[in-house]
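Structure file structure.pdb (PDB, C-alpha atoms) is printed below.
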```pdb
ATOM      1  CA  MET A  21      39.297 -23.293   0.596
ATOM      2  CA  SER A  22      41.026 -19.933   0.159
ATOM      3  CA  ALA A  23      39.176 -19.428  -3.142
ATOM      4  CA  ILE A  24      35.830 -20.033  -1.434
ATOM      5  CA  PHE A  25      36.750 -17.625   1.355
ATOM      6  CA  ALA A  26      37.786 -14.975  -1.173
ATOM      7  CA  PHE A  27      34.528 -15.468  -3.112
ATOM      8  CA  VAL A  28      32.398 -15.117   0.042
ATOM      9  CA  ALA A  29      34.384 -12.101   1.236
ATOM     10  CA  GLY A  30      34.059 -10.486  -2.174
ATOM     11  CA  GLY A  31      30.329 -11.102  -2.227
ATOM     12  CA  LEU A  32      29.860  -9.603   1.224
ATOM     13  CA  ALA A  33      31.967  -6.597   0.271
ATOM     14  CA  LEU A  34      29.851  -6.054  -2.849
ATOM     15  CA  ILE A  35      26.627  -6.274  -0.844
ATOM     16  CA  ALA A  36      27.982  -3.801   1.718
ATOM     17  CA  LEU A  37      29.015  -1.447  -1.074
ATOM     18  CA  LEU A  38      25.563  -1.573  -2.660
ATOM     19  CA  LEU A  39      23.852  -1.032   0.688
ATOM     20  CA  ALA A  40      26.107   1.959   1.332
ATOM     21  CA  ALA A  41      24.887   3.685  -1.836
ATOM     22  CA  PRO A  42      22.245   6.301  -0.955
ATOM     23  CA  ILE A  43      18.670   5.918  -2.201
ATOM     24  CA  ASP A  44      16.540   8.914  -3.145
ATOM     25  CA  VAL A  45      12.983   8.108  -2.044
ATOM     26  CA  ALA A  46       9.867  10.151  -2.795
ATOM     27  CA  PHE A  47       6.558   8.915  -1.376
ATOM     28  CA  ARG A  48       2.904   9.764  -1.058
ATOM     29  CA  VAL A  49       0.610   7.544   1.035
ATOM     30  CA  LYS A  50      -2.917   8.065   2.259
ATOM     31  CA  GLY A  51      -5.223   5.992   4.408
ATOM     32  CA  ILE A  52      -8.536   7.752   4.897
ATOM     33  CA  GLU A  53     -11.270   5.793   3.146
ATOM     34  CA  ALA A  54      -8.838   3.223   1.757
ATOM     35  CA  PHE A  55      -5.088   2.822   1.779
ATOM     36  CA  GLU A  56      -3.344   3.981  -1.354
ATOM     37  CA  GLY A  57      -0.012   5.454  -2.268
ATOM     38  CA  GLN A  58       2.951   5.625  -4.564
ATOM     39  CA  LEU A  59       6.698   5.343  -4.121
ATOM     40  CA  SER A  60       9.464   6.566  -6.420
ATOM     41  CA  ILE A  61      13.019   5.261  -5.906
ATOM     42  CA  ARG A  62      16.294   6.384  -7.505
ATOM     43  CA  TRP A  63      19.328   4.275  -6.620
ATOM     44  CA  LEU A  64      22.950   4.102  -7.723
ATOM     45  CA  PHE A  65      22.886   7.736  -8.830
ATOM     46  CA  GLY A  66      19.897   7.252 -11.100
ATOM     47  CA  LEU A  67      20.950   3.983 -12.741
ATOM     48  CA  VAL A  68      18.080   2.182 -11.006
ATOM     49  CA  ARG A  69      14.647   3.818 -11.065
ATOM     50  CA  LEU A  70      11.476   2.293  -9.675
ATOM     51  CA  ARG A  71       7.926   3.562  -9.350
ATOM     52  CA  LEU A  72       5.542   1.543  -7.207
ATOM     53  CA  ARG A  73       1.825   2.066  -6.679
ATOM     54  CA  VAL A  74      -0.405   0.660  -3.978
ATOM     55  CA  PRO A  75      -3.828  -0.217  -5.429
ATOM     56  CA  ASP A  76      -7.065   0.791  -3.753
ATOM     57  CA  ARG A  77      -8.046  -2.408  -1.944
ATOM     58  CA  GLY A  78     -10.968  -0.688  -0.281
ATOM     59  CA  ARG A  79     -13.273  -1.128  -3.266
ATOM     60  CA  ALA A  80     -13.551  -4.857  -2.724
ATOM     61  CA  LYS A  81     -14.255  -4.344   0.953
ATOM     62  CA  ARG A  82     -16.854  -1.655   0.284
ATOM     63  CA  SER A  83     -18.617  -3.994  -2.151
ATOM     64  CA  GLN A  84     -19.416  -6.431   0.680
ATOM     65  CA  THR A  85     -22.930  -6.450   2.027
ATOM     66  CA  ALA A  86     -23.658  -5.092   5.471
ATOM     67  CA  THR A  87     -24.316  -8.631   6.735
ATOM     68  CA  GLU A  88     -20.943  -9.870   5.480
ATOM     69  CA  GLN A  89     -19.189  -6.896   7.041
ATOM     70  CA  ALA A  90     -20.905  -7.467  10.382
ATOM     71  CA  GLY A  91     -19.969 -11.141  10.382
ATOM     72  CA  ALA A  92     -16.350 -10.373   9.573
ATOM     73  CA  ALA A  93     -16.261  -7.752  12.317
ATOM     74  CA  ARG A  94     -17.575 -10.242  14.898
ATOM     75  CA  ARG A  95     -15.002 -12.856  13.890
ATOM     76  CA  LYS A  96     -12.145 -10.397  14.154
ATOM     77  CA  GLY A  97     -13.382  -8.558  17.218
ATOM     78  CA  SER A  98     -12.016 -10.810  19.928
ATOM     79  CA  LYS A  99      -8.650 -11.250  18.235
ATOM     80  CA  ALA A 100      -8.307  -7.506  17.707
ATOM     81  CA  ALA A 101      -9.137  -6.825  21.357
ATOM     82  CA  SER A 102      -6.514  -9.340  22.479
ATOM     83  CA  ARG A 103      -3.854  -7.834  20.211
ATOM     84  CA  ARG A 104      -4.708  -4.338  21.386
ATOM     85  CA  GLY A 105      -4.436  -5.394  25.024
ATOM     86  CA  ARG A 106      -0.984  -6.881  24.465
ATOM     87  CA  ALA A 107       0.163  -3.790  22.559
ATOM     88  CA  LEU A 108      -1.007  -1.515  25.382
ATOM     89  CA  ALA A 109       0.836  -3.694  27.890
ATOM     90  CA  VAL A 110       4.008  -3.085  25.881
ATOM     91  CA  LEU A 111       3.359   0.663  25.818
ATOM     92  CA  ARG A 112       3.070   0.686  29.600
ATOM     93  CA  GLN A 113       6.723  -0.359  29.836
ATOM     94  CA  ALA A 114       8.667   2.851  30.452
ATOM     95  CA  GLU A 115      11.957   1.324  29.317
ATOM     96  CA  PHE A 116      10.493   0.315  25.962
ATOM     97  CA  ARG A 117       8.934   3.756  25.464
ATOM     98  CA  ARG A 118      12.298   5.441  26.071
ATOM     99  CA  HIS A 119      14.016   2.992  23.750
ATOM    100  CA  ALA A 120      11.410   3.570  21.036
ATOM    101  CA  MET A 121      11.827   7.341  21.366
ATOM    102  CA  ARG A 122      15.602   7.070  20.913
ATOM    103  CA  PHE A 123      15.108   4.825  17.887
ATOM    104  CA  ALA A 124      12.599   7.243  16.343
ATOM    105  CA  ALA A 125      14.971  10.184  16.832
ATOM    106  CA  ASP A 126      17.902   8.268  15.319
ATOM    107  CA  PHE A 127      15.729   7.066  12.425
ATOM    108  CA  LEU A 128      14.536  10.591  11.604
ATOM    109  CA  ARG A 129      18.117  11.846  11.554
ATOM    110  CA  ALA A 130      19.208   8.956   9.324
ATOM    111  CA  ALA A 131      16.322   9.551   6.900
ATOM    112  CA  HIS A 132      17.756  12.937   5.825
ATOM    113  CA  LEU A 133      14.323  14.314   5.036
ATOM    114  CA  SER A 134      14.271  17.168   2.560
ATOM    115  CA  GLU A 135      10.473  17.385   2.613
ATOM    116  CA  LEU A 136       7.775  15.950   4.849
ATOM    117  CA  ALA A 137       4.090  16.689   5.238
ATOM    118  CA  LEU A 138       2.309  14.321   7.608
ATOM    119  CA  TRP A 139      -1.163  14.362   9.104
ATOM    120  CA  VAL A 140      -2.372  11.550  11.381
ATOM    121  CA  ARG A 141      -5.613  11.177  13.307
ATOM    122  CA  LEU A 142      -5.959   8.112  15.491
ATOM    123  CA  GLY A 143      -7.959   6.716  18.344
ATOM    124  CA  LEU A 144      -8.588   3.339  19.947
ATOM    125  CA  GLY A 145     -12.226   3.877  20.869
ATOM    126  CA  ASP A 146     -11.464   4.104  24.583
ATOM    127  CA  PRO A 147     -10.176   7.338  26.157
ATOM    128  CA  ALA A 148      -7.893   5.519  28.603
ATOM    129  CA  ASP A 149      -6.335   3.329  25.902
ATOM    130  CA  THR A 150      -5.888   6.308  23.585
ATOM    131  CA  GLY A 151      -4.261   8.222  26.443
ATOM    132  CA  ARG A 152      -1.720   5.427  26.944
ATOM    133  CA  LEU A 153      -0.960   5.421  23.242
ATOM    134  CA  TRP A 154      -0.594   9.193  23.262
ATOM    135  CA  ALA A 155       1.984   8.883  26.053
ATOM    136  CA  LEU A 156       4.271   7.518  23.339
ATOM    137  CA  LEU A 157       3.036   9.470  20.315
ATOM    138  CA  GLY A 158       2.843  12.841  22.064
ATOM    139  CA  PRO A 159       6.636  13.118  22.519
ATOM    140  CA  LEU A 160       7.121  11.885  18.953
ATOM    141  CA  ASN A 161       4.805  14.634  17.764
ATOM    142  CA  ALA A 162       6.843  17.190  19.698
ATOM    143  CA  LEU A 163      10.077  15.767  18.279
ATOM    144  CA  ALA A 164       8.741  16.035  14.725
ATOM    145  CA  GLN A 165       7.930  19.719  15.212
ATOM    146  CA  GLY A 166      11.652  20.440  15.376
ATOM    147  CA  LEU A 167      12.406  18.896  11.986
ATOM    148  CA  ARG A 168      13.464  21.158   9.156
ATOM    149  CA  HIS A 169      11.369  21.115   5.986
ATOM    150  CA  ALA A 170       8.609  19.280   7.870
ATOM    151  CA  ASP A 171       4.960  19.926   8.650
ATOM    152  CA  VAL A 172       3.739  17.228  11.053
ATOM    153  CA  ARG A 173       0.380  17.031  12.812
ATOM    154  CA  ILE A 174      -0.664  14.062  14.943
ATOM    155  CA  GLU A 175      -4.130  14.363  16.452
ATOM    156  CA  PRO A 176      -5.605  11.996  19.058
ATOM    157  CA  GLU A 177      -9.256  10.968  18.832
ATOM    158  CA  PHE A 178     -10.486  10.001  22.297
ATOM    159  CA  ILE A 179     -14.045   8.970  21.363
ATOM    160  CA  ASP A 180     -14.134   6.904  18.178
ATOM    161  CA  PRO A 181     -11.757   4.188  16.938
ATOM    162  CA  VAL A 182     -10.042   5.654  13.895
ATOM    163  CA  LEU A 183      -6.778   5.610  11.957
ATOM    164  CA  GLU A 184      -6.470   8.173   9.189
ATOM    165  CA  PHE A 185      -3.279   9.561   7.705
ATOM    166  CA  ASP A 186      -1.931  11.484   4.749
ATOM    167  CA  ALA A 187       1.809  11.724   4.146
ATOM    168  CA  ARG A 188       4.129  12.877   1.410
ATOM    169  CA  GLY A 189       7.826  13.527   1.445
ATOM    170  CA  ARG A 190      11.277  13.014   0.061
ATOM    171  CA  SER A 191      14.386  11.624   1.730
ATOM    172  CA  LEU A 192      17.878  10.380   1.017
ATOM    173  CA  VAL A 193      18.559   7.189   2.934
ATOM    174  CA  VAL A 194      21.585   4.901   3.216
ATOM    175  CA  PRO A 195      20.238   1.322   3.482
ATOM    176  CA  LEU A 196      23.230   0.118   5.520
ATOM    177  CA  GLN A 197      22.640   2.822   8.125
ATOM    178  CA  ILE A 198      18.914   2.128   8.343
ATOM    179  CA  LEU A 199      19.542  -1.623   8.563
ATOM    180  CA  ALA A 200      21.977  -1.114  11.440
ATOM    181  CA  LEU A 201      19.436   1.014  13.320
ATOM    182  CA  VAL A 202      16.592  -1.485  12.811
ATOM    183  CA  VAL A 203      18.685  -4.502  13.811
ATOM    184  CA  GLY A 204      19.986  -2.693  16.882
ATOM    185  CA  PHE A 205      16.468  -1.755  17.943
ATOM    186  CA  ALA A 206      15.001  -5.203  17.274
ATOM    187  CA  LEU A 207      17.727  -7.067  19.179
ATOM    188  CA  SER A 208      17.871  -4.753  22.194
ATOM    189  CA  PRO A 209      16.802  -6.216  25.563
ATOM    190  CA  ALA A 210      13.796  -3.846  25.783
ATOM    191  CA  SER A 211      12.520  -4.902  22.341
ATOM    192  CA  LEU A 212      13.071  -8.604  23.030
ATOM    193  CA  ARG A 213      11.076  -8.360  26.278
ATOM    194  CA  ALA A 214       8.295  -6.530  24.436
ATOM    195  CA  TRP A 215       8.252  -9.186  21.702
ATOM    196  CA  ARG A 216       8.009 -11.981  24.279
ATOM    197  CA  LEU A 217       5.113 -10.151  25.927
ATOM    198  CA  LEU A 218       3.301  -9.828  22.605
ATOM    199  CA  ARG A 219       3.801 -13.518  21.842
ATOM    200  CA  ARG A 220       2.860 -14.719  25.322
ATOM    201  CA  GLY A 221      -0.236 -12.571  25.648
ATOM    202  CA  ASP A 222       0.540 -11.834  29.300
ATOM    203  CA  VAL A 223      -1.362  -8.562  29.730
TER
END
```
Could you render the structure from this file as structure tokens?
Amino acid sequence: MSAIFAFVAGGLALIALLLAAPIDVAFRVKGIEAFEGQLSIRWLFGLVRLRLRVPDRGRAKRSQTATEQAGAARRKGSKAASRRGRALAVLRQAEFRRHAMRFAADFLRAAHLSELALWVRLGLGDPADTGRLWALLGPLNALAQGLRHADVRIEPEFIDPVLEFDARGRSLVVPLQILALVVGFALSPASLRAWRLLRRGDV
């Protein structure tokens, strides 16, 4: 029994040690006509190097006929409207908005950004809905303006439904620190209530 305990404890200690090693992450992502991007990772002081690319999946979608696109849009329309309504109900919760702001601030500090250029343009197709969304994103935009080595622009679009973004940057993250932040946010009472609201569909 003691041998099993020692083996498990040793394994957990090794995992914690690996997660405590910083990761150098460089990224470039863009979602304007189609989502695409690339990610470069250096871990364990350069012993592990990865380069990942996101293929352009928009070509297959653009090859569909107009009739096929219209049919797909009709099938997804009602579900998308329901999801959007539940998401807006979550955003109306002041406690969750404050909690999300604290998480975003802590996450940005933990990311140790050495470079960030971000442009986002988004809208929900309804001025009132976009205004509710901006109640959360506006303070985040202001928070990002205070970051060093960062150029961040988030623009609301109150007329048309749109989500366009272009981002590139470099950061040094400690996985254990990020994991602790994410778990703490996900298991907080405000997040659990928001999750139940999204699952229940009580708008």
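With all atoms listed in the file as the basis for measurement, A:Gly189 is the residue among A:Gly189, A:Pro159, A:Pro209, A:Pro195 that approaches Leu59 of chain A most closely.
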(message) Once the PyMOL selection byres ((chain A and resi 145) around 7) is applied to the coordinates I shared, what remains selected? I want it as a list in words.
(response) Gly143, Leu144, Asp146, Pro147, Phe178, Ile179, Asp180 and Pro181 of chain A
(request) Compile the contact shell of Val194 of chain A as a PyMOL selection string: residues with an atom at most 9 Å away, counting only C-alpha atoms, same-chain residues fewer than 5 positions apart removed. (result) chain A and resi 39-43+130-131+199
(request) Could you please determine the separation between atom CA of Asp44 of chain A and atom CA of Gln58 of chain A in Å, to one decimal place? (result) 14.1 Å
(request) Tell me, as a PyMOL selection string, which residues lie within 12 Å of Gly204 of chain A, counting all atoms listed in the file; anything in the same chain fewer than 3 positions away does not count. (result) chain A and resi 119-120+122-123+126-127+197-201+207-212
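When atom CA of Ile52 of chain A is paired with atom CA of Ser134 of chain A, their separation reads 24.8 Å.
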Missing atoms in segment 56-79 of chain A: fill them in up to N, CA, C and O atoms and send the result as an mmCIF file, keeping the file's coordinate frame.
```cif
data_model
loop_
_atom_site.group_PDB
_atom_site.id
_atom_site.type_symbol
_atom_site.label_atom_id
_atom_site.label_comp_id
_atom_site.auth_asym_id
_atom_site.auth_seq_id
_atom_site.Cartn_x
_atom_site.Cartn_y
_atom_site.Cartn_z
ATOM 1 N N GLU A 56 -3.903 3.881 -0.018
ATOM 2 C CA GLU A 56 -3.344 3.981 -1.354
ATOM 3 C C GLU A 56 -2.090 4.833 -1.289
ATOM 4 O O GLU A 56 -1.890 5.613 -0.352
ATOM 5 N N GLY A 57 -1.227 4.670 -2.277
ATOM 6 C CA GLY A 57 -0.012 5.454 -2.268
ATOM 7 C C GLY A 57 0.880 5.129 -3.443
ATOM 8 O O GLY A 57 0.588 4.245 -4.254
ATOM 9 N N GLN A 58 1.968 5.872 -3.525
ATOM 10 C CA GLN A 58 2.951 5.625 -4.564
ATOM 11 C C GLN A 58 4.340 5.932 -4.025
ATOM 12 O O GLN A 58 4.509 6.743 -3.113
ATOM 13 N N LEU A 59 5.325 5.257 -4.592
ATOM 14 C CA LEU A 59 6.698 5.343 -4.121
ATOM 15 C C LEU A 59 7.621 5.409 -5.322
ATOM 16 O O LEU A 59 7.534 4.564 -6.219
ATOM 17 N N SER A 60 8.480 6.421 -5.348
ATOM 18 C CA SER A 60 9.464 6.566 -6.420
ATOM 19 C C SER A 60 10.856 6.421 -5.814
ATOM 20 O O SER A 60 11.172 7.072 -4.816
ATOM 21 N N ILE A 61 11.692 5.575 -6.429
ATOM 22 C CA ILE A 61 13.019 5.261 -5.906
ATOM 23 C C ILE A 61 14.065 5.496 -6.995
ATOM 24 O O ILE A 61 13.899 5.033 -8.136
ATOM 25 N N ARG A 62 15.126 6.217 -6.644
ATOM 26 C CA ARG A 62 16.294 6.384 -7.505
ATOM 27 C C ARG A 62 17.503 5.877 -6.726
ATOM 28 O O ARG A 62 17.782 6.350 -5.625
ATOM 29 N N TRP A 63 18.210 4.916 -7.314
ATOM 30 C CA TRP A 63 19.328 4.275 -6.620
ATOM 31 C C TRP A 63 20.529 4.224 -7.545
ATOM 32 O O TRP A 63 20.395 4.214 -8.770
ATOM 33 N N LEU A 64 21.692 4.151 -6.975
ATOM 34 C CA LEU A 64 22.950 4.102 -7.723
ATOM 35 C C LEU A 64 23.037 5.291 -8.670
ATOM 36 O O LEU A 64 23.340 5.143 -9.852
ATOM 37 N N PHE A 65 22.744 6.474 -8.110
ATOM 38 C CA PHE A 65 22.886 7.736 -8.830
ATOM 39 C C PHE A 65 22.037 7.768 -10.095
ATOM 40 O O PHE A 65 22.459 8.304 -11.134
ATOM 41 N N GLY A 66 20.841 7.198 -9.991
ATOM 42 C CA GLY A 66 19.897 7.252 -11.100
ATOM 43 C C GLY A 66 19.946 6.074 -12.044
ATOM 44 O O GLY A 66 19.125 5.990 -12.974
ATOM 45 N N LEU A 67 20.882 5.149 -11.854
ATOM 46 C CA LEU A 67 20.950 3.983 -12.741
ATOM 47 C C LEU A 67 19.757 3.062 -12.544
ATOM 48 O O LEU A 67 19.326 2.373 -13.477
ATOM 49 N N VAL A 68 19.247 3.016 -11.315
ATOM 50 C CA VAL A 68 18.080 2.182 -11.006
ATOM 51 C C VAL A 68 16.932 3.114 -10.627
ATOM 52 O O VAL A 68 17.057 3.933 -9.712
ATOM 53 N N ARG A 69 15.825 2.994 -11.336
ATOM 54 C CA ARG A 69 14.647 3.818 -11.065
ATOM 55 C C ARG A 69 13.430 2.908 -10.957
ATOM 56 O O ARG A 69 13.204 2.063 -11.831
ATOM 57 N N LEU A 70 12.673 3.094 -9.890
ATOM 58 C CA LEU A 70 11.476 2.293 -9.675
ATOM 59 C C LEU A 70 10.322 3.216 -9.295
ATOM 60 O O LEU A 70 10.517 4.204 -8.584
ATOM 61 N N ARG A 71 9.144 2.858 -9.748
ATOM 62 C CA ARG A 71 7.926 3.562 -9.350
ATOM 63 C C ARG A 71 6.887 2.517 -8.966
ATOM 64 O O ARG A 71 6.513 1.684 -9.797
ATOM 65 N N LEU A 72 6.476 2.538 -7.715
ATOM 66 C CA LEU A 72 5.542 1.543 -7.207
ATOM 67 C C LEU A 72 4.240 2.226 -6.806
ATOM 68 O O LEU A 72 4.247 3.326 -6.243
ATOM 69 N N ARG A 73 3.141 1.564 -7.065
ATOM 70 C CA ARG A 73 1.825 2.066 -6.679
ATOM 71 C C ARG A 73 1.110 1.031 -5.823
ATOM 72 O O ARG A 73 1.202 -0.165 -6.080
ATOM 73 N N VAL A 74 0.406 1.526 -4.829
ATOM 74 C CA VAL A 74 -0.405 0.660 -3.978
ATOM 75 C C VAL A 74 -1.840 0.776 -4.453
ATOM 76 O O VAL A 74 -2.412 1.876 -4.440
ATOM 77 N N PRO A 75 -2.458 -0.312 -4.927
ATOM 78 C CA PRO A 75 -3.828 -0.217 -5.429
ATOM 79 C C PRO A 75 -4.816 0.033 -4.316
ATOM 80 O O PRO A 75 -4.552 -0.219 -3.141
ATOM 81 N N ASP A 76 -5.989 0.537 -4.697
ATOM 82 C CA ASP A 76 -7.065 0.791 -3.753
ATOM 83 C C ASP A 76 -7.760 -0.531 -3.456
ATOM 84 O O ASP A 76 -8.572 -1.006 -4.230
ATOM 85 N N ARG A 77 -7.438 -1.137 -2.327
ATOM 86 C CA ARG A 77 -8.046 -2.408 -1.944
ATOM 87 C C ARG A 77 -9.380 -2.199 -1.239
ATOM 88 O O ARG A 77 -10.072 -3.159 -0.930
ATOM 89 N N GLY A 78 -9.725 -0.951 -1.001
ATOM 90 C CA GLY A 78 -10.968 -0.688 -0.281
ATOM 91 C C GLY A 78 -12.204 -0.947 -1.103
ATOM 92 O O GLY A 78 -13.277 -1.137 -0.557
ATOM 93 N N ARG A 79 -12.078 -0.934 -2.439
ATOM 94 C CA ARG A 79 -13.273 -1.128 -3.266
ATOM 95 C C ARG A 79 -13.892 -2.495 -3.035
ATOM 96 O O ARG A 79 -15.092 -2.647 -2.943
#
```
